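Below is run_14.cif, which holds mmCIF, C-alpha atoms.
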data_entry
#
loop_
_atom_site.label_atom_id
_atom_site.label_comp_id
_atom_site.auth_asym_id
_atom_site.auth_seq_id
_atom_site.Cartn_x
_atom_site.Cartn_y
_atom_site.Cartn_z
CA MET A 1 -11.44 -12.26 8.62
CA SER A 2 -11.68 -9.31 6.28
CA SER A 3 -15.34 -8.39 6.70
CA THR A 4 -16.04 -5.95 3.88
CA CYS A 5 -15.82 -6.20 0.13
CA CYS A 6 -14.53 -4.06 -2.68
CA THR A 7 -16.52 -0.84 -2.93
CA SER A 8 -14.48 2.10 -4.12
CA GLY A 9 -12.83 3.14 -7.32
CA TYR A 10 -12.52 4.72 -10.72
CA ILE A 11 -13.49 3.45 -14.19
CA GLN A 12 -10.87 3.62 -16.92
CA SER A 13 -11.57 4.13 -20.61
CA SER A 14 -12.65 1.14 -22.67
CA GLU A 15 -11.05 2.53 -25.82
CA ASP A 16 -8.28 0.57 -27.54
CA LEU A 17 -8.80 -2.64 -25.59
CA GLN A 18 -7.24 -5.53 -27.49
CA GLY A 19 -9.33 -8.55 -26.52
CA ILE A 20 -12.40 -10.30 -27.85
CA GLU A 21 -15.45 -11.77 -26.12
CA GLN A 22 -16.18 -15.46 -26.59
CA LYS A 23 -17.47 -18.50 -24.75
CA VAL A 24 -14.85 -20.51 -22.89
CA HIS A 25 -16.13 -23.63 -21.13
CA ASP A 26 -19.66 -22.20 -21.06
CA LEU A 27 -18.64 -18.85 -19.56
CA ASP A 28 -18.59 -15.52 -21.37
CA THR A 29 -14.92 -14.58 -21.36
CA TYR A 30 -12.74 -11.65 -22.38
CA VAL A 31 -9.84 -13.25 -24.26
CA ILE A 32 -6.42 -11.91 -25.23
CA PRO A 33 -4.74 -14.54 -27.43
CA GLY A 34 -1.05 -15.16 -26.81
CA GLU A 35 1.65 -17.65 -27.66
CA PRO A 36 0.46 -21.19 -26.77
CA SER A 37 3.88 -22.08 -25.33
CA LYS A 38 3.66 -19.23 -22.79
CA GLY A 39 0.77 -20.71 -20.84
CA LEU A 40 -2.45 -19.07 -19.69
CA VAL A 41 -3.38 -16.43 -17.10
CA VAL A 42 -6.92 -16.34 -15.70
CA ILE A 43 -8.14 -13.21 -13.90
CA ILE A 44 -10.85 -13.62 -11.27
CA PRO A 45 -12.30 -10.11 -11.01
CA ASP A 46 -13.74 -8.03 -8.21
CA ILE A 47 -17.48 -7.65 -7.65
CA PHE A 48 -17.72 -5.32 -10.65
CA GLY A 49 -17.09 -8.24 -12.91
CA TRP A 50 -15.50 -9.36 -16.13
CA ASN A 51 -16.61 -6.34 -18.16
CA LEU A 52 -15.01 -3.62 -16.04
CA PRO A 53 -12.64 -1.82 -18.46
CA ASN A 54 -9.93 -1.64 -15.78
CA THR A 55 -9.81 -5.42 -15.50
CA ARG A 56 -9.62 -5.82 -19.25
CA ARG A 57 -6.82 -3.29 -19.48
CA ILE A 58 -4.87 -5.31 -16.91
CA ALA A 59 -5.47 -8.41 -19.05
CA ASP A 60 -4.14 -6.58 -22.11
CA THR A 61 -1.01 -5.51 -20.24
CA VAL A 62 -0.29 -8.94 -18.78
CA SER A 63 -0.74 -10.61 -22.16
CA ARG A 64 1.56 -8.11 -23.86
CA GLU A 65 4.31 -8.40 -21.25
CA LEU A 66 4.23 -12.19 -20.84
CA LYS A 67 3.18 -13.01 -24.43
CA THR A 68 0.57 -15.28 -22.87
CA THR A 69 -3.13 -15.85 -23.42
CA VAL A 70 -5.26 -14.16 -20.76
CA TYR A 71 -8.86 -15.00 -19.84
CA VAL A 72 -11.27 -12.86 -17.81
CA PRO A 73 -14.32 -15.14 -17.35
CA ASP A 74 -17.76 -14.08 -16.18
CA PHE A 75 -17.93 -16.23 -13.07
CA MET A 76 -21.02 -14.21 -12.03
CA PHE A 77 -23.21 -15.05 -15.06
CA GLY A 78 -23.96 -11.39 -15.72
CA ASP A 79 -24.78 -10.59 -12.10
CA ASN A 80 -21.78 -8.37 -11.36
CA CYS A 81 -22.42 -5.18 -9.39
CA SER A 82 -23.37 -2.15 -11.46
CA HIS A 83 -20.43 0.05 -12.44
CA ASP A 84 -22.56 3.05 -11.48
CA TYR A 85 -22.15 2.09 -7.83
CA LEU A 86 -18.38 2.04 -8.19
CA HIS A 87 -18.47 5.83 -8.52
CA LEU A 88 -21.09 6.35 -5.87
CA VAL A 89 -19.22 4.56 -3.12
CA ALA A 90 -15.72 5.96 -3.61
CA ASP A 91 -14.43 7.19 -0.24
CA PRO A 92 -12.77 10.62 -0.33
CA ASP A 93 -10.39 11.45 2.48
CA ASP A 94 -12.44 14.44 3.65
CA LEU A 95 -15.62 12.55 4.60
CA THR A 96 -17.08 13.36 7.99
CA TRP A 97 -17.95 10.50 10.30
CA THR A 98 -21.64 10.97 9.51
CA ASP A 99 -20.86 10.81 5.79
CA LYS A 100 -18.91 7.59 6.40
CA LEU A 101 -21.83 6.09 8.27
CA ARG A 102 -24.13 7.02 5.41
CA ARG A 103 -21.73 5.52 2.87
CA ASN A 104 -21.36 2.32 4.86
CA TYR A 105 -25.13 1.97 5.05
CA GLU A 106 -25.34 2.41 1.29
CA LYS A 107 -22.68 -0.25 0.77
CA VAL A 108 -24.58 -2.76 2.89
CA THR A 109 -27.81 -1.92 1.06
CA GLN A 110 -26.33 -2.19 -2.43
CA PHE A 111 -23.80 -4.99 -2.00
CA GLY A 112 -25.04 -7.16 0.88
CA GLY A 113 -27.44 -9.12 -1.29
CA TRP A 114 -24.81 -9.62 -3.97
CA ILE A 115 -22.36 -11.10 -1.48
CA VAL A 116 -25.02 -13.57 -0.33
CA ARG A 117 -25.89 -14.58 -3.90
CA HIS A 118 -22.21 -15.11 -4.70
CA ARG A 119 -21.15 -16.75 -1.46
CA GLU A 120 -18.53 -19.50 -1.47
CA ALA A 121 -21.04 -22.36 -1.66
CA VAL A 122 -22.28 -20.92 -4.95
CA SER A 123 -19.12 -19.48 -6.49
CA TRP A 124 -16.42 -21.99 -5.60
CA PRO A 125 -17.88 -24.85 -7.70
CA ILE A 126 -18.11 -22.47 -10.69
CA VAL A 127 -14.52 -21.29 -10.31
CA ASN A 128 -13.02 -24.70 -9.63
CA SER A 129 -14.93 -26.35 -12.49
CA PHE A 130 -13.61 -23.76 -14.92
CA PHE A 131 -10.01 -24.40 -13.92
CA GLU A 132 -10.60 -28.16 -14.02
CA ALA A 133 -11.92 -27.81 -17.57
CA LEU A 134 -8.81 -25.86 -18.56
CA TYR A 135 -6.65 -28.67 -17.16
CA LYS A 136 -8.58 -31.38 -19.00
CA GLU A 137 -8.37 -29.35 -22.20
CA ASN A 138 -4.56 -29.27 -22.01
CA PRO A 139 -2.93 -31.01 -19.02
CA ALA A 140 0.57 -29.87 -20.04
CA ARG A 141 -0.29 -26.15 -20.17
CA GLN A 142 0.82 -23.83 -17.37
CA VAL A 143 -2.08 -21.93 -15.81
CA PHE A 144 -1.64 -18.90 -13.55
CA VAL A 145 -4.34 -17.07 -11.62
CA MET A 146 -4.81 -13.43 -10.68
CA GLY A 147 -7.50 -12.42 -8.19
CA TYR A 148 -8.76 -8.99 -7.15
CA CYS A 149 -10.82 -8.24 -4.02
CA TRP A 150 -13.67 -10.79 -4.17
CA GLY A 151 -11.68 -12.75 -6.71
CA GLY A 152 -8.55 -12.58 -4.58
CA ARG A 153 -9.95 -15.05 -2.10
CA TYR A 154 -10.73 -17.57 -4.83
CA ALA A 155 -7.23 -17.20 -6.23
CA CYS A 156 -5.99 -18.15 -2.75
CA LEU A 157 -8.36 -21.11 -2.49
CA LEU A 158 -7.08 -22.52 -5.78
CA THR A 159 -3.63 -22.86 -4.18
CA HIS A 160 -4.93 -24.94 -1.23
CA SER A 161 -3.90 -28.59 -1.45
CA ASN A 162 -7.04 -29.65 0.45
CA ARG A 163 -9.11 -28.24 -2.45
CA TRP A 164 -7.22 -29.92 -5.27
CA MET A 165 -10.23 -32.03 -6.18
CA THR A 166 -11.86 -32.80 -9.49
CA SER A 167 -15.62 -32.72 -10.00
CA ASP A 168 -15.81 -36.50 -9.50
CA GLY A 169 -14.06 -36.27 -6.12
CA ALA A 170 -10.60 -37.40 -7.22
CA PHE A 171 -7.50 -35.71 -5.82
CA LYS A 172 -5.52 -33.71 -8.41
CA GLN A 173 -1.91 -33.57 -7.26
CA GLY A 174 -0.60 -30.01 -7.65
CA GLY A 175 -4.01 -28.53 -8.30
CA PHE A 176 -4.93 -26.57 -11.40
CA VAL A 177 -2.65 -23.49 -11.10
CA GLN A 178 1.12 -23.10 -11.03
CA ALA A 179 1.22 -19.74 -9.22
CA ALA A 180 -1.12 -17.04 -7.95
CA TYR A 181 -1.22 -13.27 -7.64
CA VAL A 182 -3.63 -11.81 -5.08
CA ALA A 183 -4.49 -8.10 -4.84
CA HIS A 184 -6.26 -6.68 -1.78
CA PRO A 185 -8.38 -9.81 -1.13
CA SER A 186 -11.80 -9.52 0.50
CA LEU A 187 -13.58 -11.91 2.87
CA LEU A 188 -10.39 -13.87 3.47
CA GLU A 189 -10.11 -16.06 6.56
CA ILE A 190 -6.85 -15.10 8.27
CA PRO A 191 -4.68 -16.98 9.15
CA THR A 192 -6.24 -20.31 8.12
CA GLU A 193 -6.64 -19.53 4.41
CA ILE A 194 -3.10 -18.16 4.29
CA GLU A 195 -1.49 -21.09 6.07
CA ALA A 196 -3.16 -23.47 3.60
CA ILE A 197 -1.51 -21.88 0.54
CA SER A 198 0.53 -24.54 -1.26
CA ARG A 199 1.49 -22.80 -4.49
CA PRO A 200 3.76 -19.77 -5.08
CA THR A 201 1.66 -16.72 -4.21
CA SER A 202 2.30 -12.99 -4.45
CA PHE A 203 0.22 -10.48 -2.48
CA ALA A 204 -0.29 -6.82 -3.46
CA LEU A 205 -1.74 -4.98 -0.46
CA GLY A 206 -2.54 -1.37 0.40
CA GLU A 207 -1.15 0.48 3.39
CA ARG A 208 -4.49 2.25 3.93
CA ASP A 209 -6.88 -0.58 3.14
CA ASP A 210 -9.76 -0.38 5.62
CA SER A 211 -10.92 -3.84 4.52
CA LEU A 212 -7.51 -5.38 5.18
CA PRO A 213 -5.76 -3.24 7.80
CA MET A 214 -2.06 -3.47 8.53
CA LYS A 215 -2.62 -5.70 11.56
CA ASP A 216 -4.07 -8.29 9.17
CA VAL A 217 -1.22 -7.74 6.71
CA ASP A 218 1.17 -8.61 9.54
CA ARG A 219 -0.85 -11.76 10.23
CA ILE A 220 -0.62 -12.72 6.55
CA ARG A 221 3.15 -12.31 6.63
CA GLU A 222 3.39 -14.38 9.81
CA ALA A 223 1.20 -17.15 8.38
CA LEU A 224 3.25 -17.34 5.20
CA THR A 225 6.47 -17.84 7.15
CA LYS A 226 5.13 -21.09 8.63
CA ASN A 227 5.90 -22.91 5.39
CA SER A 228 9.43 -22.15 4.28
CA ASN A 229 9.10 -24.52 1.30
CA ARG A 230 6.43 -22.35 -0.35
CA ASP A 231 7.55 -19.33 -2.33
CA SER A 232 5.62 -16.19 -1.48
CA GLU A 233 5.89 -12.42 -1.22
CA VAL A 234 3.91 -9.57 0.32
CA ILE A 235 4.29 -6.10 -1.16
CA VAL A 236 2.55 -3.21 0.61
CA TYR A 237 1.89 -0.07 -1.42
CA GLU A 238 2.39 3.16 0.47
CA GLY A 239 -0.76 5.24 0.83
CA ALA A 240 -2.83 2.78 -1.20
CA LYS A 241 -6.47 2.08 -0.35
CA HIS A 242 -8.61 -0.98 -0.97
CA GLY A 243 -9.03 -1.60 -4.69
CA PHE A 244 -5.93 0.38 -5.69
CA ALA A 245 -4.59 -2.33 -8.02
CA ILE A 246 -7.73 -2.49 -10.15
CA ARG A 247 -9.83 0.61 -9.48
CA GLY A 248 -7.25 3.29 -8.74
CA ASN A 249 -7.63 6.67 -10.44
CA VAL A 250 -4.89 6.62 -13.08
CA GLU A 251 -5.30 10.38 -13.59
CA VAL A 252 -3.78 10.88 -10.13
CA GLU A 253 0.00 10.43 -10.27
CA SER A 254 0.39 8.48 -7.03
CA GLU A 255 -2.50 6.14 -7.85
CA LYS A 256 -1.24 5.59 -11.40
CA LYS A 257 2.18 4.71 -9.99
CA ASN A 258 0.68 2.12 -7.66
CA TRP A 259 -1.62 0.73 -10.36
CA ASP A 260 1.30 0.25 -12.77
CA ALA A 261 3.55 -1.22 -10.09
CA ALA A 262 0.88 -3.72 -9.03
CA VAL A 263 0.44 -4.97 -12.60
CA ASN A 264 4.21 -5.25 -12.98
CA GLN A 265 4.33 -7.21 -9.73
CA ALA A 266 2.03 -9.84 -11.23
CA VAL A 267 4.03 -9.95 -14.47
CA ASP A 268 7.33 -10.37 -12.64
CA TRP A 269 5.88 -13.07 -10.39
CA PHE A 270 4.54 -15.21 -13.21
CA ARG A 271 7.66 -14.69 -15.30
CA LYS A 272 9.58 -16.53 -12.55
CA TYR A 273 7.50 -19.65 -13.17
CA GLN A 274 6.96 -19.59 -16.91
CA ILE A 275 8.75 -22.51 -18.52
#
Would you kindly transcribe this structure into structure tokens?
Amino acid sequence: MSSTCCTSGYIQSSEDLQGIEQKVHDLDTYVIPGEPSKGLVVIIPDIFGWNLPNTRRIADTVSRELKTTVYVPDFMFGDNCSHDYLHLVADPDDLTWTDKLRRNYEKVTQFGGWIVRHREAVSWPIVNSFFEALYKENPARQVFVMGYCWGGRYACLLTHSNRWMTSDGAFKQGGFVQAAYVAHPSLLEIPTEIEAISRPTSFALGERDDSLPMKDVDRIREALTKNSNRDSEVIVYEGAKHGFAIRGNVEVESEKKNWDAAVNQAVDWFRKYQI
């Protein structure tokens, strides 16, 4: 199991974002309208929530490239972690071991309570109900899911056939999503939650992710090979740390390259399955 959550990064500018905020199935949602025939992409964000400019910029890019509508819902009901802490807990390479201990203590202090409040027993019904509502709204529409860090695990869970249940307990064959993209997931049970994946899933992982080290990446690859009928891919980004695909510093050339490539990975993956 990946035991830590997403706690490092850089905030991008909120200027020139293209979306609007509106209620979608009772959740505040950042919406980028697209062509109805191109389906819908839903982004489940990291612990910094639906209003992180980085997440919204990803939504803008995905919508532009796929010509699809993109939603970034507030699954946390306004209780996302403060963006101020995103700066405070970034982990420079030159930290001493005592600095690392101090940072880790701060992470537990600031984020431990949040993780408890937004544990699976609380968050899964909210996430699943939202996707069920999207299905009932338009059963013929293709729905894709992107998940980052905390949200990455829920993107995985939506692909599990043993969770394809409606709110009244009925089994929904095929579930509510056609394909998933998962970037540096947190709190993921490995290998069980990988082996259970039953929809096409693309993973974007960092070579230097302390929350998901390479030994766990190898276990993910191994688990995915156990079902040859399920399309999947694992792309590891050289030198990338946890959070690189959503909170990387785009003013640093190498991080900007990885950030762009990770977004393009999602676009290319969903383009394969758009009808």
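Closest approach to A:Tyr85 from the set A:Val70, A:Ile20, A:Ile11, A:Val217 is made by A:Ile11, with distances taken over only C-alpha atoms.
Close contacts of stretch 50-58 of chain A, defined as residues with an atom at most 8 Å away when counting all atoms listed in the file, with chain neighbours fewer than 3 positions off set aside, comprise Ile11, Gln12, Ser13, Ser14, Leu17, Gly19, Thr29, Tyr30, Ile44, Pro45, Thr61, Val62, Val72, Pro73, Asp74, Phe75, Asn80, His83, Ile246, Arg247 and Val263 of chain A.
Note that atom CA of A:Ile275 and atom CA of A:Glu35 are 12.6 Å apart.
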Selection under test: the PyMOL selection byres ((chain A and resi 38) around 9); residues as a PyMOL selection string:
chain A and resi 34-37+39-40+66-69+141-142+274-275
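The residue set within 9 Å of A:Phe131, counting only C-alpha atoms and dropping same-chain residues fewer than 4 places from it, reads Val42, Ile126, Val127, Tyr135, Lys136, Val143, Leu158, Phe176 and Val177 of chain A.
The residue that comes closest to A:Gly248, out of A:Asp260, A:Asp216, A:Asp231, A:Glu65 and on the basis of only C-alpha atoms, is A:Asp260.
In this model, the gap between atom CA of A:Glu120 and atom CA of A:Ala183 comes to 18.4 Å.
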Residues within 12 Å of (4.9, -10.5, -12.8), file coordinates, counting only C-alpha atoms: what are they? Give the list as a ChimeraX atom specification.
/A:41,58,61-66,68,144-146,179-182,201-204,233,260-274
Report the distance between atom CA of A:Glu255 and atom CA of A:Asp60 in Å, rounded to one decimal place.
19.2 Å
